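S.K.: Handing over entry_27.tsv, TSV, N, CA and C atoms and all ligand atoms.
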chain	number	residue	atom	x	y	z
C	4	MET	N	45.14	70.33	7.13
C	4	MET	CA	44.17	69.79	8.08
C	4	MET	C	43.32	70.93	8.63
C	5	LYS	N	42.09	70.58	8.96
C	5	LYS	CA	41.16	71.59	9.50
C	5	LYS	C	40.55	71.08	10.80
C	6	TRP	N	40.21	72.01	11.66
C	6	TRP	CA	39.52	71.72	12.92
C	6	TRP	C	38.10	72.23	12.75
C	7	VAL	N	37.15	71.31	12.75
C	7	VAL	CA	35.75	71.66	12.52
C	7	VAL	C	35.03	71.67	13.86
C	8	ILE	N	34.42	72.79	14.17
C	8	ILE	CA	33.64	72.92	15.41
C	8	ILE	C	32.18	73.10	14.99
C	9	ALA	N	31.35	72.15	15.36
C	9	ALA	CA	29.95	72.21	14.98
C	9	ALA	C	29.09	72.30	16.25
C	10	ILE	N	28.26	73.33	16.31
C	10	ILE	CA	27.31	73.48	17.41
C	10	ILE	C	25.96	73.03	16.87
C	11	ILE	N	25.40	71.98	17.49
C	11	ILE	CA	24.17	71.41	16.96
C	11	ILE	C	23.14	71.20	18.08
C	12	LYS	N	21.93	70.88	17.66
C	12	LYS	CA	20.90	70.56	18.65
C	12	LYS	C	21.17	69.19	19.27
C	13	PRO	N	20.99	69.06	20.59
C	13	PRO	CA	21.32	67.81	21.27
C	13	PRO	C	20.65	66.57	20.67
C	14	HIS	N	19.40	66.68	20.25
C	14	HIS	CA	18.71	65.48	19.77
C	14	HIS	C	19.21	65.03	18.40
C	15	LYS	N	20.09	65.81	17.77
C	15	LYS	CA	20.65	65.45	16.47
C	15	LYS	C	21.99	64.72	16.57
C	16	LEU	N	22.50	64.59	17.80
C	16	LEU	CA	23.86	64.07	17.95
C	16	LEU	C	24.06	62.69	17.32
C	17	ASN	N	23.20	61.74	17.66
C	17	ASN	CA	23.41	60.37	17.17
C	17	ASN	C	23.30	60.29	15.65
C	18	GLU	N	22.36	61.03	15.09
C	18	GLU	CA	22.19	61.03	13.64
C	18	GLU	C	23.43	61.62	12.94
C	19	VAL	N	23.95	62.70	13.51
C	19	VAL	CA	25.14	63.32	12.91
C	19	VAL	C	26.34	62.38	13.04
C	20	ARG	N	26.49	61.78	14.22
C	20	ARG	CA	27.61	60.86	14.40
C	20	ARG	C	27.54	59.70	13.40
C	21	SER	N	26.37	59.09	13.26
C	21	SER	CA	26.23	57.97	12.33
C	21	SER	C	26.57	58.38	10.91
C	22	ALA	N	26.08	59.53	10.51
C	22	ALA	CA	26.33	59.99	9.14
C	22	ALA	C	27.82	60.26	8.93
C	23	LEU	N	28.49	60.79	9.94
C	23	LEU	CA	29.93	61.06	9.81
C	23	LEU	C	30.72	59.76	9.78
C	24	GLU	N	30.28	58.76	10.54
C	24	GLU	CA	30.97	57.47	10.50
C	24	GLU	C	30.83	56.83	9.12
C	25	LEU	N	29.67	57.04	8.50
C	25	LEU	CA	29.45	56.47	7.17
C	25	LEU	C	30.39	57.07	6.12
C	26	ILE	N	30.84	58.30	6.34
C	26	ILE	CA	31.81	58.87	5.39
C	26	ILE	C	33.24	58.75	5.93
C	27	ASN	N	33.42	57.80	6.87
C	27	ASN	CA	34.76	57.42	7.32
C	27	ASN	C	35.47	58.42	8.23
C	28	VAL	N	34.71	59.25	8.91
C	28	VAL	CA	35.34	60.08	9.94
C	28	VAL	C	35.80	59.16	11.07
C	29	GLN	N	37.07	59.29	11.46
C	29	GLN	CA	37.71	58.30	12.34
C	29	GLN	C	37.60	58.63	13.82
C	30	GLY	N	37.14	59.81	14.15
C	30	GLY	CA	37.02	60.16	15.56
C	30	GLY	C	36.45	61.55	15.71
C	31	MET	N	35.94	61.83	16.88
C	31	MET	CA	35.44	63.18	17.16
C	31	MET	C	35.32	63.34	18.66
C	32	THR	N	35.21	64.58	19.08
C	32	THR	CA	35.06	64.90	20.50
C	32	THR	C	33.72	65.61	20.67
C	33	VAL	N	33.01	65.25	21.72
C	33	VAL	CA	31.70	65.87	21.95
C	33	VAL	C	31.65	66.48	23.35
C	34	SER	N	31.01	67.63	23.43
C	34	SER	CA	30.81	68.29	24.72
C	34	SER	C	29.38	68.80	24.80
C	35	THR	N	28.87	68.84	26.00
C	35	THR	CA	27.59	69.51	26.19
C	35	THR	C	27.90	70.95	26.56
C	36	VAL	N	27.25	71.85	25.86
C	36	VAL	CA	27.54	73.27	26.05
C	36	VAL	C	26.22	74.04	26.13
C	37	GLU	N	26.31	75.30	26.44
C	37	GLU	CA	25.15	76.18	26.38
C	37	GLU	C	25.55	77.40	25.57
C	38	GLY	N	24.59	77.94	24.86
C	38	GLY	CA	24.93	79.11	24.06
C	38	GLY	C	23.71	79.91	23.69
C	39	PHE	N	23.97	80.93	22.91
C	39	PHE	CA	22.85	81.66	22.31
C	39	PHE	C	23.27	82.18	20.95
C	40	GLY	N	22.28	82.36	20.11
C	40	GLY	CA	22.51	82.93	18.79
C	40	GLY	C	21.82	84.28	18.69
C	41	ARG	N	21.39	84.61	17.51
C	41	ARG	CA	20.89	85.98	17.33
C	41	ARG	C	19.53	86.22	17.96
C	42	GLN	N	18.81	85.13	18.33
C	42	GLN	CA	17.56	85.35	19.08
C	42	GLN	C	17.84	85.49	20.57
C	43	LYS	N	19.08	85.48	20.95
C	43	LYS	CA	19.51	85.64	22.35
C	43	LYS	C	19.00	84.51	23.25
C	44	GLY	N	18.67	83.38	22.64
C	44	GLY	CA	18.29	82.22	23.45
C	44	GLY	C	16.88	82.27	23.99
C	45	ARG	N	16.13	83.30	23.73
C	45	ARG	CA	14.86	83.47	24.45
C	45	ARG	C	13.67	82.85	23.76
C	46	THR	N	13.76	82.67	22.47
C	46	THR	CA	12.55	82.27	21.75
C	46	THR	C	12.62	80.86	21.20
C	47	GLU	N	13.63	80.11	21.61
C	47	GLU	CA	13.77	78.76	21.07
C	47	GLU	C	12.90	77.76	21.79
C	48	VAL	N	12.43	76.80	21.03
C	48	VAL	CA	11.69	75.70	21.63
C	48	VAL	C	12.66	74.55	21.86
C	49	TYR	N	12.69	74.03	23.08
C	49	TYR	CA	13.57	72.91	23.42
C	49	TYR	C	12.74	71.85	24.10
C	50	ARG	N	12.73	70.63	23.56
C	50	ARG	CA	11.92	69.54	24.10
C	50	ARG	C	10.46	69.96	24.28
C	51	GLY	N	9.93	70.60	23.26
C	51	GLY	CA	8.51	70.88	23.25
C	51	GLY	C	8.06	72.12	23.99
C	52	ALA	N	8.94	72.69	24.79
C	52	ALA	CA	8.53	73.87	25.55
C	52	ALA	C	9.40	75.06	25.15
C	53	GLU	N	8.79	76.21	25.12
C	53	GLU	CA	9.59	77.39	24.80
C	53	GLU	C	10.58	77.59	25.94
C	54	TYR	N	11.82	77.83	25.56
C	54	TYR	CA	12.87	77.92	26.56
C	54	TYR	C	12.92	79.33	27.15
C	55	GLN	N	12.86	79.42	28.46
C	55	GLN	CA	12.71	80.72	29.12
C	55	GLN	C	14.05	81.37	29.48
C	56	TYR	N	15.14	80.67	29.23
C	56	TYR	CA	16.42	81.16	29.73
C	56	TYR	C	17.24	81.77	28.63
C	57	ASP	N	18.25	82.45	29.02
C	57	ASP	CA	19.15	83.09	28.06
C	57	ASP	C	20.13	82.10	27.45
C	58	TRP	N	20.31	80.93	28.06
C	58	TRP	CA	21.25	79.93	27.57
C	58	TRP	C	20.48	78.70	27.12
C	59	VAL	N	20.79	78.24	25.92
C	59	VAL	CA	20.09	77.08	25.38
C	59	VAL	C	21.07	75.91	25.30
C	60	PRO	N	20.68	74.73	25.75
C	60	PRO	CA	21.59	73.57	25.67
C	60	PRO	C	21.91	73.23	24.21
C	61	LYS	N	23.18	73.00	23.96
C	61	LYS	CA	23.65	72.61	22.63
C	61	LYS	C	24.71	71.53	22.79
C	62	ILE	N	25.03	70.89	21.69
C	62	ILE	CA	26.15	69.96	21.63
C	62	ILE	C	27.25	70.58	20.78
C	63	LYS	N	28.47	70.48	21.27
C	63	LYS	CA	29.62	70.92	20.48
C	63	LYS	C	30.40	69.69	20.01
C	64	LEU	N	30.52	69.56	18.70
C	64	LEU	CA	31.33	68.50	18.11
C	64	LEU	C	32.63	69.12	17.61
C	65	GLU	N	33.73	68.46	17.89
C	65	GLU	CA	35.02	68.92	17.39
C	65	GLU	C	35.65	67.78	16.61
C	66	ILE	N	36.02	68.06	15.37
C	66	ILE	CA	36.48	67.01	14.47
C	66	ILE	C	37.68	67.52	13.68
C	67	ALA	N	38.79	66.79	13.76
C	67	ALA	CA	39.95	67.09	12.92
C	67	ALA	C	39.79	66.33	11.61
C	68	VAL	N	39.90	67.04	10.49
C	68	VAL	CA	39.69	66.40	9.19
C	68	VAL	C	40.79	66.76	8.20
C	69	LYS	N	41.00	65.87	7.23
C	69	LYS	CA	41.89	66.20	6.13
C	69	LYS	C	41.27	67.30	5.28
C	70	ASP	N	42.11	68.11	4.67
C	70	ASP	CA	41.59	69.19	3.82
C	70	ASP	C	40.63	68.65	2.76
C	71	GLU	N	40.99	67.49	2.19
C	71	GLU	CA	40.17	66.98	1.07
C	71	GLU	C	38.82	66.42	1.51
C	72	THR	N	38.64	66.19	2.82
C	72	THR	CA	37.33	65.70	3.26
C	72	THR	C	36.49	66.79	3.91
C	73	LEU	N	37.03	68.00	4.00
C	73	LEU	CA	36.31	69.08	4.69
C	73	LEU	C	34.92	69.33	4.12
C	74	ASP	N	34.82	69.47	2.81
C	74	ASP	CA	33.52	69.81	2.21
C	74	ASP	C	32.49	68.73	2.48
C	75	GLU	N	32.91	67.48	2.37
C	75	GLU	CA	31.99	66.36	2.61
C	75	GLU	C	31.52	66.35	4.07
C	76	VAL	N	32.44	66.64	4.98
C	76	VAL	CA	32.08	66.68	6.40
C	76	VAL	C	31.06	67.80	6.66
C	77	ILE	N	31.32	68.96	6.10
C	77	ILE	CA	30.39	70.08	6.30
C	77	ILE	C	29.02	69.76	5.71
C	78	GLU	N	29.00	69.23	4.50
C	78	GLU	CA	27.71	68.90	3.87
C	78	GLU	C	26.94	67.86	4.69
C	79	THR	N	27.67	66.90	5.24
C	79	THR	CA	27.02	65.85	6.04
C	79	THR	C	26.42	66.42	7.31
C	80	ILE	N	27.17	67.28	7.98
C	80	ILE	CA	26.65	67.88	9.21
C	80	ILE	C	25.44	68.75	8.90
C	81	VAL	N	25.55	69.58	7.86
C	81	VAL	CA	24.43	70.47	7.52
C	81	VAL	C	23.18	69.65	7.20
C	82	SER	N	23.35	68.61	6.38
C	82	SER	CA	22.15	67.90	5.94
C	82	SER	C	21.52	67.07	7.06
C	83	THR	N	22.32	66.62	8.03
C	83	THR	CA	21.74	65.80	9.10
C	83	THR	C	21.30	66.63	10.31
C	84	ALA	N	21.94	67.76	10.57
C	84	ALA	CA	21.60	68.54	11.77
C	84	ALA	C	20.49	69.54	11.51
C	85	LYS	N	20.12	69.71	10.24
C	85	LYS	CA	19.14	70.74	9.90
C	85	LYS	C	17.72	70.31	10.25
C	86	THR	N	16.99	71.19	10.96
C	86	THR	CA	15.56	70.97	11.18
C	86	THR	C	14.74	72.07	10.52
C	87	ASN	N	15.43	73.06	9.97
C	87	ASN	CA	14.80	74.24	9.38
C	87	ASN	C	14.12	75.14	10.40
C	88	LYS	N	14.50	74.97	11.67
C	88	LYS	CA	13.97	75.87	12.70
C	88	LYS	C	15.14	76.66	13.28
C	89	ILE	N	14.81	77.76	13.95
C	89	ILE	CA	15.89	78.54	14.55
C	89	ILE	C	16.66	77.69	15.55
C	90	GLY	N	17.93	78.03	15.70
C	90	GLY	CA	18.76	77.33	16.67
C	90	GLY	C	19.39	76.06	16.16
C	91	ASP	N	19.34	75.82	14.85
C	91	ASP	CA	19.95	74.61	14.30
C	91	ASP	C	21.46	74.58	14.48
C	92	GLY	N	22.06	75.72	14.71
C	92	GLY	CA	23.48	75.73	15.03
C	92	GLY	C	24.37	76.32	13.96
C	93	LYS	N	25.66	76.20	14.18
C	93	LYS	CA	26.64	76.78	13.27
C	93	LYS	C	27.85	75.85	13.18
C	94	ILE	N	28.60	76.02	12.11
C	94	ILE	CA	29.84	75.27	11.92
C	94	ILE	C	30.97	76.27	11.74
C	95	PHE	N	32.03	76.08	12.48
C	95	PHE	CA	33.21	76.94	12.36
C	95	PHE	C	34.38	76.07	11.91
C	96	VAL	N	35.25	76.62	11.09
C	96	VAL	CA	36.39	75.86	10.56
C	96	VAL	C	37.66	76.67	10.81
C	97	VAL	N	38.65	76.04	11.41
C	97	VAL	CA	39.94	76.71	11.61
C	97	VAL	C	41.07	75.83	11.06
C	98	ASN	N	42.16	76.46	10.71
C	98	ASN	CA	43.32	75.71	10.26
C	98	ASN	C	43.94	74.93	11.42
C	99	LEU	N	44.31	73.70	11.14
C	99	LEU	CA	44.91	72.83	12.16
C	99	LEU	C	46.38	72.60	11.78
C	100	MET	N	47.26	72.94	12.70
C	100	MET	CA	48.69	72.89	12.38
C	100	MET	C	49.27	71.49	12.44
C	101	GLN	N	48.83	70.69	13.39
C	101	GLN	CA	49.44	69.37	13.54
C	101	GLN	C	48.49	68.44	14.27
C	102	ALA	N	48.64	67.15	14.06
C	102	ALA	CA	47.88	66.13	14.77
C	102	ALA	C	48.85	64.98	15.05
C	103	ILE	N	48.83	64.49	16.26
C	103	ILE	CA	49.77	63.43	16.67
C	103	ILE	C	49.02	62.32	17.40
C	104	ARG	N	49.24	61.09	16.99
C	104	ARG	CA	48.70	59.95	17.74
C	104	ARG	C	49.69	59.61	18.84
C	105	ILE	N	49.26	59.73	20.07
C	105	ILE	CA	50.18	59.61	21.21
C	105	ILE	C	50.81	58.22	21.27
C	106	ARG	N	50.02	57.16	21.03
C	106	ARG	CA	50.53	55.79	21.19
C	106	ARG	C	51.72	55.51	20.29
C	107	THR	N	51.68	56.03	19.06
C	107	THR	CA	52.70	55.65	18.07
C	107	THR	C	53.60	56.81	17.65
C	108	SER	N	53.26	58.00	18.08
C	108	SER	CA	53.94	59.24	17.65
C	108	SER	C	53.77	59.55	16.16
C	109	GLU	N	52.90	58.79	15.45
C	109	GLU	CA	52.60	59.15	14.05
C	109	GLU	C	51.97	60.54	14.06
C	110	CYS	N	52.18	61.26	12.97
C	110	CYS	CA	51.59	62.58	12.92
C	110	CYS	C	51.15	62.95	11.50
C	111	GLY	N	50.34	64.00	11.45
C	111	GLY	CA	49.90	64.53	10.16
C	111	GLY	C	48.64	63.88	9.64
C	112	ASN	N	48.40	64.18	8.36
C	112	ASN	CA	47.20	63.73	7.64
C	112	ASN	C	46.83	62.27	7.87
C	113	GLU	N	47.84	61.39	7.90
C	113	GLU	CA	47.53	59.96	7.90
C	113	GLU	C	46.89	59.47	9.18
C	114	ILE	N	46.94	60.25	10.26
C	114	ILE	CA	46.29	59.77	11.49
C	114	ILE	C	44.82	60.17	11.54
C	115	LEU	N	44.36	60.93	10.55
C	115	LEU	CA	42.96	61.39	10.57
C	115	LEU	C	42.07	60.48	9.74
E	201	LIG	N1	28.98	83.84	16.71
E	201	LIG	C1	28.97	82.73	17.45
E	201	LIG	N2	30.08	82.33	18.08
E	201	LIG	C2	30.09	81.21	18.83
E	201	LIG	N3	29.05	80.41	18.97
E	201	LIG	C3	27.92	80.74	18.34
E	201	LIG	C4	27.82	81.92	17.55
E	201	LIG	N4	26.58	81.97	17.04
E	201	LIG	C5	25.94	80.89	17.49
E	201	LIG	N5	26.73	80.16	18.28
E	201	LIG	C6	26.40	78.92	18.96
E	201	LIG	O1	25.50	78.20	18.15
E	201	LIG	C7	24.29	77.95	18.84
E	201	LIG	C8	23.14	77.97	17.86
E	201	LIG	O2	23.13	79.20	17.19
E	201	LIG	P1	21.89	79.51	16.27
E	201	LIG	O3	21.67	78.35	15.38
E	201	LIG	O4	20.74	79.95	17.12
E	201	LIG	O5	22.48	80.74	15.41
E	201	LIG	P2	21.62	81.91	14.77
E	201	LIG	O6	22.61	82.82	14.12
E	201	LIG	O7	20.73	82.50	15.80
E	201	LIG	O8	20.79	81.20	13.62
E	201	LIG	P3	19.20	80.91	13.57
E	201	LIG	O9	18.56	82.17	13.14
E	201	LIG	O10	19.05	79.80	12.58
E	201	LIG	O11	18.78	80.49	14.95
E	201	LIG	C9	24.26	79.01	19.92
E	201	LIG	O12	23.44	78.61	21.01
E	201	LIG	C10	25.71	79.14	20.29
E	201	LIG	O13	26.07	78.07	21.15
E	202	MG	MG	19.32	81.36	16.75
Have the structure of the file written as structure tokens, please.

M.R.:
Amino acid sequence: MKWVIAIIKPHKLNEVRSALELINVQGMTVSTVEGFGRQKGRTEVYRGAEYQYDWVPKIKLEIAVKDETLDEVIETIVSTAKTNKIGDGKIFVVNLMQAIRIRTSECGNEIL
């Protein structure tokens, strides 16, 4: 199992969620975050205006996925979140040791 952390532009959230649901992703967690990349947050355009601050609003998606669906999830996020402009975001992948559904105590791959 893998833990996928995707930092994306806020206006792409619904499109990314819909695309992930279409490939049967069963759940995800979303947070509003602020960050910066290699432009240090200073030169990005956000909602039509150049952003003057060091922190740019982003969305963080966190998704637990089966190993065999990882590539499809990454491809889906990349193809839907991409605008070809700076600040499109990044995807990080870490190994996930365990997953447990609290209601039933089921665990592992089958709960994802
Ligand atoms: N190394 C990093 N670690 C953690 N979060 C990061 C890292 N790099 C970028 N981020 C997060 O991703 C967001 C978007 O990054 P961004 O897409 O600007 O990366 P970039 O490397 O500058 O690429 P680009 O040149 O396409 O803008 C940042 O605002 C930050 O929240
Ligand atoms: Mg950047």

S.K.: Find, counting only C-alpha atoms, the residue in C:Ile114, C:Met100, C:Val81, C:Val59 that gets nearest to Lys15 of chain C.

M.R.: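 Among the listed residues, the smallest separation from Lys15 of chain C belongs to C:Val81.
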
S.K.: Could you pull out the residues sitting within 10 Å of ligand LIG 201 (chain E), using only C-alpha atoms and all ligand atoms, and write them as a ChimeraX atom specification?

M.R.: /C:8-12,36-44,46-47,57-63,85-95

S.K.: Have a look at atom N of Ala22 of chain C and atom C of Ser82 of chain C and let me know their distance in Å, one decimal.

M.R.: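 Computing it gives 9.5 Å between the two atoms.
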
S.K.: Residues proximal to (41.1, 73.4, 13.6) were defined as those with any atom within 6 Å of that point in the file's coordinates, counting all atoms listed in the file. Which are they, as a ChimeraX atom specification?

M.R.: /C:4-7,96-99

S.K.: Store the residues picked out above in a file with N, CA and C atoms, as a PDB file, keeping the file's coordinate frame.

M.R.:
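Once written, part.pdb looks like this:
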ATOM      1  N   MET C   4      45.140  70.330   7.130  1.00  0.00           N
ATOM      2  CA  MET C   4      44.170  69.790   8.080  1.00  0.00           C
ATOM      3  C   MET C   4      43.320  70.930   8.630  1.00  0.00           C
ATOM      4  N   LYS C   5      42.090  70.580   8.960  1.00  0.00           N
ATOM      5  CA  LYS C   5      41.160  71.590   9.500  1.00  0.00           C
ATOM      6  C   LYS C   5      40.550  71.080  10.800  1.00  0.00           C
ATOM      7  N   TRP C   6      40.210  72.010  11.660  1.00  0.00           N
ATOM      8  CA  TRP C   6      39.520  71.720  12.920  1.00  0.00           C
ATOM      9  C   TRP C   6      38.100  72.230  12.750  1.00  0.00           C
ATOM     10  N   VAL C   7      37.150  71.310  12.750  1.00  0.00           N
ATOM     11  CA  VAL C   7      35.750  71.660  12.520  1.00  0.00           C
ATOM     12  C   VAL C   7      35.030  71.670  13.860  1.00  0.00           C
ATOM     13  N   VAL C  96      35.250  76.620  11.090  1.00  0.00           N
ATOM     14  CA  VAL C  96      36.390  75.860  10.560  1.00  0.00           C
ATOM     15  C   VAL C  96      37.660  76.670  10.810  1.00  0.00           C
ATOM     16  N   VAL C  97      38.650  76.040  11.410  1.00  0.00           N
ATOM     17  CA  VAL C  97      39.940  76.710  11.610  1.00  0.00           C
ATOM     18  C   VAL C  97      41.070  75.830  11.060  1.00  0.00           C
ATOM     19  N   ASN C  98      42.160  76.460  10.710  1.00  0.00           N
ATOM     20  CA  ASN C  98      43.320  75.710  10.260  1.00  0.00           C
ATOM     21  C   ASN C  98      43.940  74.930  11.420  1.00  0.00           C
ATOM     22  N   LEU C  99      44.310  73.700  11.140  1.00  0.00           N
ATOM     23  CA  LEU C  99      44.910  72.830  12.160  1.00  0.00           C
ATOM     24  C   LEU C  99      46.380  72.600  11.780  1.00  0.00           C
TER      25      LEU C  99
END

S.K.: Using DSSP on the backbone coordinates, identify the residues of chain C assigned to strand (DSSP E or B); present them as a PyMOL selection string.

M.R.: chain C and resi 5-11+32-38+48-49+52-53+59-68+93-98+103+110

S.K.: As an exercise, work out the distance from atom C of Glu18 of chain C to atom C of Gly30 of chain C in Å and give it to one decimal place.

M.R.: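 Calculated distance between atom C of Glu18 of chain C and atom C of Gly30 of chain C is 13.3 Å.
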
S.K.: Where in chain C does DSSP assign helix (DSSP H, G or I), given as a ChimeraX atom specification?

M.R.: /C:13-25,70-84,112-114

S.K.: For the atom pair atom C of Glu78 of chain C and atom C of Glu24 of chain C, what is the interatomic distance in Å to one decimal place?

M.R.: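 Between these atoms lies a distance of 12.5 Å.
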
S.K.: Specify the axis-aligned box that encloses all atoms of segment 22-29 of chain C listed in the file after padding of 8 Å on each side, stating its centre and edge lengths in Å to one decimal as AutoDock Vina command-line options.

M.R.:
--center_x 31.9 --center_y 58.8 --center_z 9.6 --size_x 27.6 --size_y 20.6 --size_z 24.4
